[in-house]
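Data block for input-v7.txt (compact mmCIF, C-alpha atoms (C1' of nucleotides)):
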# COMPACT_ATOMS: atom_id res chain seq x y z
CA MET Y 1 -7.33 -4.49 -2.82
CA PRO Y 2 -9.74 -3.28 -0.23
CA GLU Y 3 -12.99 -2.31 -1.86
CA LEU Y 4 -15.92 -0.51 -0.29
CA PRO Y 5 -16.95 -3.24 2.21
CA GLU Y 6 -13.42 -3.65 3.52
CA VAL Y 7 -13.01 0.10 3.87
CA GLU Y 8 -16.36 0.42 5.61
CA ILE Y 9 -15.48 -2.31 8.10
CA THR Y 10 -12.12 -0.65 8.67
CA CYS Y 11 -13.89 2.61 9.54
CA ARG Y 12 -16.16 0.84 12.00
CA GLY Y 13 -13.18 -0.99 13.45
CA ILE Y 14 -11.09 2.08 14.20
CA GLU Y 15 -13.87 4.47 15.18
CA PRO Y 16 -14.30 3.27 18.78
CA ALA Y 17 -10.60 3.81 19.42
CA LEU Y 18 -10.57 7.30 17.92
CA GLN Y 19 -13.94 8.94 18.50
CA GLY Y 20 -13.68 11.77 21.01
CA GLN Y 21 -10.02 11.04 21.72
CA ALA Y 22 -7.18 13.53 21.51
CA VAL Y 23 -4.21 12.63 19.35
CA THR Y 24 -1.10 12.22 21.46
CA GLU Y 25 1.42 11.47 18.75
CA VAL Y 26 1.85 10.90 15.03
CA ARG Y 27 4.57 8.61 13.75
CA VAL Y 28 5.56 8.62 10.11
CA ARG Y 29 8.10 5.92 9.35
CA GLN Y 30 7.73 5.93 5.59
CA PRO Y 31 6.50 9.20 4.08
CA ARG Y 32 6.73 7.93 0.51
CA LEU Y 33 3.29 6.56 -0.17
CA ARG Y 34 1.15 7.31 -3.21
CA TYR Y 35 1.59 10.96 -2.28
CA PRO Y 36 4.16 12.22 0.19
CA VAL Y 37 2.78 12.14 3.73
CA PRO Y 38 2.68 15.78 4.92
CA GLU Y 39 5.69 16.49 7.08
CA ASP Y 40 3.84 18.73 9.50
CA LEU Y 41 1.30 16.13 10.64
CA ALA Y 42 3.37 15.28 13.68
CA GLU Y 43 3.19 18.91 14.79
CA ARG Y 44 -0.30 19.68 13.61
CA LEU Y 45 -2.33 16.81 15.02
CA PRO Y 46 -1.30 16.20 18.65
CA GLY Y 47 -3.88 17.72 20.98
CA GLN Y 48 -6.61 17.71 18.38
CA VAL Y 49 -9.74 15.71 19.14
CA VAL Y 50 -11.26 13.27 16.67
CA ARG Y 51 -14.82 14.30 15.98
CA ALA Y 52 -15.84 11.45 13.72
CA VAL Y 53 -14.59 8.74 11.40
CA ARG Y 54 -16.29 8.66 8.03
CA ARG Y 55 -15.95 7.05 4.65
CA ARG Y 56 -16.38 8.54 1.19
CA GLY Y 57 -15.84 5.99 -1.54
CA LYS Y 58 -12.72 4.14 -0.52
CA TYR Y 59 -11.34 7.12 1.35
CA ILE Y 60 -11.32 7.06 5.15
CA LEU Y 61 -11.82 10.47 6.71
CA VAL Y 62 -10.76 11.11 10.30
CA GLU Y 63 -12.42 14.41 11.08
CA PHE Y 64 -11.02 17.13 13.31
CA GLU Y 65 -12.18 20.64 13.98
CA ALA Y 66 -9.52 22.05 11.71
CA GLY Y 67 -9.73 19.56 8.88
CA CYS Y 68 -9.65 15.91 7.91
CA LEU Y 69 -7.00 13.26 7.92
CA LEU Y 70 -7.56 11.32 4.71
CA ILE Y 71 -6.41 7.72 4.56
CA HIS Y 72 -6.60 5.51 1.48
CA LEU Y 73 -5.63 1.85 1.73
CA GLY Y 74 -4.58 1.49 -1.88
CA MET Y 75 -4.34 -2.16 -2.79
CA SER Y 76 -2.47 -3.67 0.09
CA GLY Y 77 -3.21 -1.33 2.97
CA SER Y 78 -4.78 -2.17 6.30
CA LEU Y 79 -5.46 -0.29 9.51
CA ARG Y 80 -5.36 -1.95 12.92
CA VAL Y 81 -5.75 -0.81 16.48
CA VAL Y 82 -2.65 -1.89 18.37
CA PRO Y 83 -1.03 -1.10 21.72
CA ALA Y 84 0.88 2.13 21.19
CA GLU Y 85 4.15 0.59 22.26
CA ARG Y 86 3.95 -2.49 20.09
CA ALA Y 87 7.01 -2.70 17.88
CA PRO Y 88 6.19 -1.94 14.26
CA LEU Y 89 6.72 -4.57 11.63
CA LYS Y 90 8.04 -4.09 8.15
CA HIS Y 91 5.64 -1.93 6.08
CA ASP Y 92 4.03 -0.37 9.16
CA HIS Y 93 4.36 3.14 7.75
CA PHE Y 94 2.15 5.33 9.89
CA ASP Y 95 0.73 5.50 13.43
CA LEU Y 96 -1.99 7.74 14.79
CA VAL Y 97 -1.48 7.44 18.54
CA VAL Y 98 -4.31 8.12 21.00
CA GLY Y 99 -3.15 7.41 24.53
CA ALA Y 100 -2.29 3.77 25.02
CA GLN Y 101 -3.50 2.75 21.58
CA ALA Y 102 -2.43 3.44 18.05
CA VAL Y 103 -4.19 3.15 14.73
CA ARG Y 104 -1.48 1.67 12.55
CA LEU Y 105 -1.30 1.69 8.77
CA ARG Y 106 0.45 -1.16 7.06
CA ASP Y 107 0.81 -1.04 3.30
CA PRO Y 108 3.43 -3.25 1.63
CA ARG Y 109 2.85 -1.92 -1.87
CA ARG Y 110 2.53 1.70 -0.79
CA PHE Y 111 -0.32 2.57 -3.11
CA GLY Y 112 -2.12 4.01 -0.15
CA ALA Y 113 -2.21 7.60 1.01
CA VAL Y 114 -2.22 9.75 4.14
CA LEU Y 115 -3.09 13.38 3.55
CA TRP Y 116 -4.32 16.40 5.46
CA LEU Y 117 -7.38 18.13 4.01
CA PRO Y 118 -8.31 21.53 5.37
CA HIS Y 119 -12.02 22.17 5.58
CA PRO Y 120 -14.12 21.94 3.56
CA ALA Y 121 -12.58 18.55 2.97
CA LEU Y 122 -15.22 17.42 0.50
CA SER Y 123 -14.10 20.20 -1.82
CA HIS Y 124 -10.66 18.66 -2.11
CA PRO Y 125 -9.92 17.51 -5.68
CA LEU Y 126 -9.62 13.88 -4.57
CA LEU Y 127 -13.14 13.91 -3.14
CA ALA Y 128 -15.01 16.51 -5.16
CA GLY Y 129 -15.24 14.42 -8.30
CA LEU Y 130 -16.37 11.19 -6.70
CA GLY Y 131 -19.46 9.44 -7.95
CA LEU Y 132 -22.47 7.90 -6.27
CA GLU Y 133 -22.33 5.80 -3.12
CA PRO Y 134 -23.78 2.44 -4.18
CA LEU Y 135 -25.17 1.65 -0.74
CA GLU Y 136 -27.00 4.95 -0.41
CA ASP Y 137 -30.57 5.49 -1.53
CA GLU Y 138 -29.35 7.84 -4.23
CA PHE Y 139 -28.16 4.83 -6.22
CA ASP Y 140 -30.68 2.75 -8.13
CA GLY Y 141 -31.32 1.31 -11.56
CA GLY Y 142 -32.64 4.58 -12.87
CA VAL Y 143 -29.53 6.60 -12.13
CA LEU Y 144 -27.32 3.75 -13.31
CA HIS Y 145 -29.22 3.70 -16.57
CA ALA Y 146 -28.69 7.45 -16.87
CA LEU Y 147 -24.96 7.05 -16.21
CA CYS Y 148 -24.76 4.41 -18.93
CA ALA Y 149 -26.62 6.45 -21.52
CA GLY Y 150 -24.55 7.38 -24.54
CA ARG Y 151 -21.45 5.55 -23.39
CA ASN Y 152 -19.70 2.92 -25.38
CA THR Y 153 -17.50 1.87 -22.46
CA PRO Y 154 -17.82 -1.78 -21.43
CA ILE Y 155 -20.13 -1.99 -18.43
CA LYS Y 156 -17.44 -3.52 -16.24
CA LEU Y 157 -15.19 -0.51 -16.70
CA LEU Y 158 -18.08 1.86 -16.12
CA ILE Y 159 -19.07 0.44 -12.74
CA MET Y 160 -15.41 0.61 -11.69
CA ASP Y 161 -15.11 4.29 -12.61
CA SER Y 162 -15.01 6.10 -9.28
CA HIS Y 163 -16.09 9.34 -10.90
CA LEU Y 164 -19.44 7.69 -11.60
CA LEU Y 165 -19.80 5.10 -8.86
CA VAL Y 166 -17.48 4.61 -5.91
CA GLY Y 167 -16.31 1.51 -4.13
CA VAL Y 168 -16.68 -1.17 -6.78
CA GLY Y 169 -13.24 -2.63 -7.45
CA ASN Y 170 -12.10 -5.42 -9.67
CA ILE Y 171 -13.35 -8.30 -7.55
CA TYR Y 172 -16.86 -7.04 -6.85
CA ALA Y 173 -17.24 -5.80 -10.42
CA SER Y 174 -16.87 -9.34 -11.73
CA GLU Y 175 -19.08 -10.68 -8.95
CA SER Y 176 -21.84 -8.13 -9.50
CA LEU Y 177 -21.91 -8.75 -13.23
CA PHE Y 178 -22.07 -12.49 -12.70
CA ARG Y 179 -25.02 -12.11 -10.37
CA SER Y 180 -26.83 -9.90 -12.82
CA ARG Y 181 -25.99 -12.24 -15.72
CA ILE Y 182 -24.53 -9.40 -17.75
CA HIS Y 183 -21.46 -9.91 -19.92
CA PRO Y 184 -18.64 -7.61 -18.74
CA GLN Y 185 -17.91 -6.34 -22.24
CA THR Y 186 -21.45 -5.17 -22.93
CA PRO Y 187 -21.34 -1.54 -24.08
CA ALA Y 188 -22.88 0.39 -21.20
CA GLY Y 189 -25.19 2.44 -23.40
CA THR Y 190 -26.87 -0.65 -24.83
CA LEU Y 191 -28.16 -1.88 -21.48
CA SER Y 192 -31.90 -1.65 -21.05
CA ARG Y 193 -33.43 0.08 -18.09
CA GLN Y 194 -34.49 -3.30 -16.79
CA ARG Y 195 -30.99 -4.74 -16.92
CA CYS Y 196 -29.64 -1.64 -15.18
CA GLU Y 197 -32.20 -2.16 -12.44
CA ARG Y 198 -30.97 -5.69 -11.99
CA LEU Y 199 -27.31 -4.69 -12.06
CA ALA Y 200 -27.86 -1.96 -9.48
CA THR Y 201 -29.58 -4.46 -7.23
CA CYS Y 202 -26.79 -6.99 -7.69
CA ILE Y 203 -24.09 -4.43 -6.93
CA ARG Y 204 -25.84 -3.57 -3.69
CA GLU Y 205 -26.34 -7.20 -2.78
CA THR Y 206 -22.74 -8.10 -3.54
CA LEU Y 207 -21.44 -5.28 -1.38
CA HIS Y 208 -23.93 -6.04 1.39
CA ASP Y 209 -22.90 -9.69 1.46
CA ALA Y 210 -19.24 -8.74 1.71
CA LEU Y 211 -20.08 -6.28 4.46
CA ALA Y 212 -21.93 -8.99 6.37
CA ALA Y 213 -18.97 -11.34 5.98
CA GLY Y 214 -16.64 -8.64 7.30
CA GLY Y 215 -18.82 -7.69 10.22
CA SER Y 216 -17.93 -10.92 11.95
CA SER Y 217 -14.25 -9.97 11.82
CA LEU Y 218 -14.64 -6.58 13.47
CA ARG Y 219 -12.76 -7.61 16.59
CA ASP Y 220 -9.77 -8.32 14.36
CA PHE Y 221 -9.15 -4.61 14.23
CA VAL Y 222 -8.17 -4.42 17.84
CA HIS Y 223 -4.83 -5.67 19.10
CA SER Y 224 -4.20 -7.57 15.94
CA ASP Y 225 -1.27 -7.54 13.59
CA GLY Y 226 -3.88 -7.80 10.96
CA GLY Y 227 -3.83 -8.83 7.38
CA SER Y 228 -4.73 -7.16 4.16
CA GLY Y 229 -6.93 -9.84 2.69
CA TYR Y 230 -10.52 -9.90 1.70
CA PHE Y 231 -13.23 -11.30 3.89
CA GLN Y 232 -13.77 -15.01 3.71
CA GLN Y 233 -16.19 -15.35 0.86
CA GLN Y 234 -17.10 -17.71 -1.87
CA TYR Y 235 -16.74 -16.01 -5.20
CA PHE Y 236 -18.87 -16.98 -8.16
CA ALA Y 237 -16.50 -15.73 -10.82
CA TYR Y 238 -13.47 -13.88 -9.51
CA GLY Y 239 -10.28 -15.94 -9.68
CA ARG Y 240 -12.15 -19.03 -10.88
CA ASP Y 241 -10.73 -19.18 -14.40
CA GLY Y 242 -11.03 -22.76 -15.66
CA GLU Y 243 -13.29 -23.88 -12.81
CA ALA Y 244 -16.91 -24.88 -13.10
CA CYS Y 245 -19.59 -22.22 -12.80
CA ARG Y 246 -21.42 -22.71 -9.52
CA VAL Y 247 -24.73 -22.12 -11.29
CA CYS Y 248 -24.54 -23.91 -14.64
CA GLY Y 249 -21.32 -25.90 -14.59
CA SER Y 250 -19.78 -24.19 -17.60
CA THR Y 251 -16.13 -23.24 -17.46
CA ILE Y 252 -15.46 -19.78 -16.03
CA ARG Y 253 -13.41 -17.71 -18.42
CA ARG Y 254 -10.85 -14.96 -17.92
CA LEU Y 255 -10.20 -11.98 -20.10
CA VAL Y 256 -8.36 -8.71 -19.67
CA MET Y 257 -10.19 -5.40 -19.67
CA GLY Y 258 -8.46 -2.15 -18.89
CA GLN Y 259 -5.35 -4.10 -17.90
CA ARG Y 260 -7.40 -5.94 -15.30
CA ALA Y 261 -8.32 -9.59 -15.06
CA THR Y 262 -12.01 -10.13 -15.65
CA PHE Y 263 -13.89 -13.34 -14.87
CA PHE Y 264 -17.26 -14.42 -16.18
CA CYS Y 265 -19.39 -17.38 -17.12
CA PRO Y 266 -19.85 -17.50 -20.92
CA ARG Y 267 -23.18 -19.28 -20.52
CA CYS Y 268 -24.78 -17.35 -17.66
CA GLN Y 269 -23.51 -14.01 -18.97
CA ARG Y 270 -24.33 -13.93 -22.64
CA ARG Y 271 -23.43 -10.82 -24.59
CA SER Y 272 -25.73 -11.22 -27.56
CA ALA Y 273 -28.93 -9.28 -28.08
CA SER Y 274 -30.77 -12.50 -27.38
CA ALA Y 275 -29.89 -12.24 -23.71
CA ARG Y 276 -33.10 -11.99 -21.75
CA SER Y 277 -34.01 -9.95 -18.73
C1' DC J 1 -16.38 15.30 -22.90
C1' DC J 2 -14.80 10.57 -23.97
C1' DA J 3 -11.83 6.42 -24.20
C1' DC J 4 -7.68 4.42 -23.47
C1' DG J 5 -3.14 3.11 -21.63
C1' DC J 6 0.64 4.09 -18.44
C1' DT J 7 2.31 4.40 -13.82
C1' DC J 8 3.40 3.93 -8.90
C1' DC J 9 5.11 -0.60 -5.50
C1' DT J 10 6.19 -5.16 -3.35
C1' DG J 11 5.05 -10.03 -2.37
C1' DC J 12 3.93 -14.17 -4.20
C1' DG J 13 3.81 -18.21 -7.12
C1' DC J 14 5.56 -20.33 -10.93
C1' DG J 15 8.97 -22.52 -14.21
C1' DC J 16 13.48 -23.94 -14.79
C1' DT P 1 17.52 -24.05 -3.27
C1' DG P 2 17.41 -19.90 -5.85
C1' DC P 3 16.77 -16.95 -9.52
C1' DG P 4 13.96 -14.19 -12.69
C1' DC P 5 9.76 -13.34 -14.37
C1' DG P 6 4.79 -12.18 -14.60
C1' DC P 7 0.96 -11.02 -12.11
C1' DA P 8 -1.96 -8.57 -8.81
C1' DG P 9 -4.48 -3.87 -8.69
C1' DG P 10 -6.84 1.96 -7.23
C1' DA P 11 -7.00 5.71 -9.46
C1' DG P 12 -4.63 9.92 -11.09
C1' DC P 13 -2.83 11.50 -15.12
C1' DG P 14 -1.47 12.21 -19.90
C1' DT P 15 -2.64 11.52 -24.65
C1' DG P 16 -5.39 11.40 -28.94
Give the structure from the file, written as C-alpha cells.
Amino acid sequence: MPELPEVEITCRGIEPALQGQAVTEVRVRQPRLRYPVPEDLAERLPGQVVRAVRRRGKYILVEFEAGCLLIHLGMSGSLRVVPAERAPLKHDHFDLVVGAQAVRLRDPRRFGAVLWLPHPALSHPLLAGLGLEPLEDEFDGGVLHALCAGRNTPIKLLIMDSHLLVGVGNIYASESLFRSRIHPQTPAGTLSRQRCERLATCIRETLHDALAAGGSSLRDFVHSDGGSGYFQQQYFAYGRDGEACRVCGSTIRRLVMGQRATFFCPRCQRRSASARS
DNA sequence: CCACGCTCCTGCGCGC
DNA sequence: TGCGCGCAGGAGCGTG
C-alpha cells in the first residue's frame, strides 16, 4: 500500500541509521518474498559501508560501493529502525544490521522484495523502464499531455502506470483526479493540455500533502514496532463510497477499473465533453 | 506498441 | 464464537 510519499518518508527515516555505517549482519528469516531473497546477501554485505539511501519510484535503494540493495515494500511492507537484539515478530522477514541497530522489514502479505543489484543498478530491468518522477521538475502538464497523446486508456490507469509515471498508487490516483475534477474513466488522449496541466499540479499537490503529513511521523521509524498504514489524512474520495462529497455534498461513487476500486464524485468529476477547465 | 486480465499473499471485516 | 468468503492492492507477465 505504500505509495511514493510513504516510501520517501521511509527512506528519510532509515537513512540516518545507515549512512556511512558498515553492515555487521544480514538476517533473512523468510526468503520467499515477491522474488526470492538472494541467498548470498548474508555473506556479501557484512563489512560493506552504506554510501547513500535513495528512492526511485517506490523502490528503496541502499547504495554500496559494489552495488545496491533494492527494497520494495509491496502493499503491506514497512521498514523500521529497531535495536538489533529486539526479538522479531511474525512477518519480520529481513534485518539489515548496523552495529546496535537494525533496519527491519515487515511485510505480512509478502508482495515486497529484497534484491541485490550490481552496478549500474539503474540499468537493472526493474528500474530501467520506470517513468517520470512526479515530484521532480521533469514532470509537468506538458509532458503529461504528451504521455496521454494517442492513448485510449482511462486516465486513472495511465497515471498509475509506473512505466510512464512512478509513485502514484490506487489511493492517490483517486485523490488526484478528484482534486483536478477529472472523471477517472476519461480516455487519456482526449484530455486537453489545460486539463493535463491541472492534473499534473494536483498529482504533485496530493503527493506533497501526504509527504507533509508523513514528515511529522519520522521519529516513528526509530525504535518502533511500526505499522504499515498510510499517514493520517483526510481523503476526498478514496474509501468514501456512499458518503457525501466534501465539496458539493453529492454521494461519492465506487467503480472498478483494472481490478481496482476507484472512487469519485459524479458531480465534481463529470466525464462529458461539457466539463469545463 | 497497446490494452487487458491474471497472479502472488495474508489480515481483516462481514454475514450467517 | 467461529467459519468461510470477499476484498485490499504493486507491478510483472502473458495474451490477443
Give the padded box for segment 3-14 of chain P as lines of an AutoDock Vina configuration file: axis-aligned, covering all atoms listed in the file, 3 Å on each side, centre and edge lengths in Å to one decimal.
center_x = 4.9
center_y = -2.4
center_z = -13.6
size_x = 29.8
size_y = 35.2
size_z = 18.7
Counting all atoms listed in the file, collect the residues of chain Y whose closest atom lies at most 8 Å from chain J, and write them out as JSON, numbers by chain.
{"Y": [34, 108, 109, 110, 111, 153, 258]}
Test item: chain P residues at most 10 Å from chain Y, counting all atoms listed in the file, as number ranges by chain:
P: 7-12
Just how far from atom CA of Ala146 of chain Y is atom CA of Glu6 of chain Y, in Å to one decimal?
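So the answer is 27.8 Å.
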As an exercise, work out the distance from atom CA of Gly150 of chain Y to atom CA of Gly189 of chain Y in Å and give it to one decimal place.
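That distance, rounded to one decimal, is 5.1 Å.
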How far is it from atom CA of Val97 of chain Y to atom CA of His124 of chain Y, in Å with one decimal?
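Taking atom CA of Val97 of chain Y and atom CA of His124 of chain Y, their separation equals 25.2 Å.
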Extract, using only C-alpha atoms (C1' of nucleotides), all DNA, RNA and protein residues at most 6 Å from Val23 of chain Y, discarding same-chain residues fewer than 6 positions from it, and format them as a PyMOL selection string.
chain Y and resi 46-48+97-98
Which residues, protein or nucleic acid, reach to within 12 Å of (7.0, 7.7, 1.7) in the file's coordinates when using only C-alpha atoms (C1' of nucleotides), and can you give that as a list of chain:residue names?
Y:Val28, Y:Arg29, Y:Gln30, Y:Pro31, Y:Arg32, Y:Leu33, Y:Arg34, Y:Tyr35, Y:Pro36, Y:Val37, Y:Pro38, Y:Glu39, Y:His91, Y:Asp92, Y:His93, Y:Phe94, Y:Asp107, Y:Pro108, Y:Arg109, Y:Arg110, Y:Phe111, Y:Gly112, Y:Ala113, Y:Val114, Y:Leu115, J:DC8, J:DC9
